[in-house]
Amino acid sequence: MKRFLSIAAAFVFSVTAVAIAHEHGAIHLSAAEAGVGSTIGVTADHLSKKATFRFELRGVLDTYALPDVKSDTAGKFDTHLNLPPAAAAGSYSLVLIAEDGDISARADLTIVASAPINAVSAVDAAHAAMPGMDMAAMSKARKEMMPLTVKTSGAEWIAIVGVMVLCIAGGLALVRQS
C-alpha cells in the first residue's frame with residue numbers, strides 16, 4: 001500500500017508545465033479565389049491577444065511577404081490584403097506567422113488570371129425569393145452568432161462520475177495486482 005501511495009503521489013505531482021508561446025488560431029478568407037494583384041478580406045480569431053503577426057503568401061516556388069497585422073484584446077482581427085502582382089495564377093497558402101516564427105494559422109487561396117465572379121451576389125440572386133433571409137449576413141456567420149446551450153442533467157452527472165469511479169477502481173486493481 002505504501003508503494004502504491006508513493007507511485008500515486010509521484011504521478012499526481014509530476015505534472016509538467018507546458019510553455020505555450022502563442023495560440024493557434026484560424027484565418028478566414030472572404031473568397032477562396034482571387035485575381036492576380038487583387039485585394040482579399042481576411043478575418044481571424046482564436047489568436048494570442050494583442051500580438052503582432054506577419055502574413056506570407058506561399059506558393060510552390062515563391063514566397064511573398066505581406067504586411068503585418070495586430071490582434072485585438074479578444075485575439076481577433078479583420079483586414080484586407082493586397083495580393084502581390086508578381087504572384088502568378090496558381091495555388092497558394094496564406095500563412096499567419098507569430099513573432100517567434102511559428103505558424104499560427106493557414107488558409108488555402110487560389111489566384112486566378114482574372115478576378116472571379118462575385119459568388120455572394122450570385123447566391124443573393126438565387127435566394128432573393130426567400131423572405132426574411134439576409135444572405136449577406138449569413139455569409140459572415142460566426143459561431144459566436146449561434147449560441148448553443150448544453151445542459152447536463154443530474155442523472156447524466158451521476159453516470160459521468162460513476163464511470164470515472166469505475167475507471168479509477170479498475171486502475172487501482174491493476175496496480176494492486178502487480
# chains A, B, ... in the order shown; residues from 1 in each chain; ligands from 1

$ residues_around --residues "Asn82 in chain A" --least-positions-apart "5" --cutoff "7 Å" --atoms "only C-alpha atoms" --output "number ranges by chain"
A: 37-40

$ write_last_selection --atoms "C-alpha atoms" --output "PDB file, in the first residue's frame"
ATOM      1  CA  GLY A  37      -2.961  41.663 -57.822  1.00  0.00           C
ATOM      2  CA  SER A  38      -6.425  41.931 -56.255  1.00  0.00           C
ATOM      3  CA  THR A  39      -7.428  42.622 -52.655  1.00  0.00           C
ATOM      4  CA  ILE A  40      -8.837  39.949 -50.353  1.00  0.00           C
TER       5      ILE A  40
END

$ residues_around --residues "Val60 in chain A" --least-positions-apart "4" --cutoff "9 Å" --atoms "only C-alpha atoms" --output "MDAnalysis selection string"
chainID A and resid 90:92

$ closest_residue --among "A:His46, A:Arg176, A:Arg58, A:Lys76" --to "Thr110 in chain A" --atoms "only C-alpha atoms"
A:Arg58

$ atom_distance --atom1 "CA of Ser93 in chain A" --atom2 "CA of Ala31 in chain A"
13.2 Å
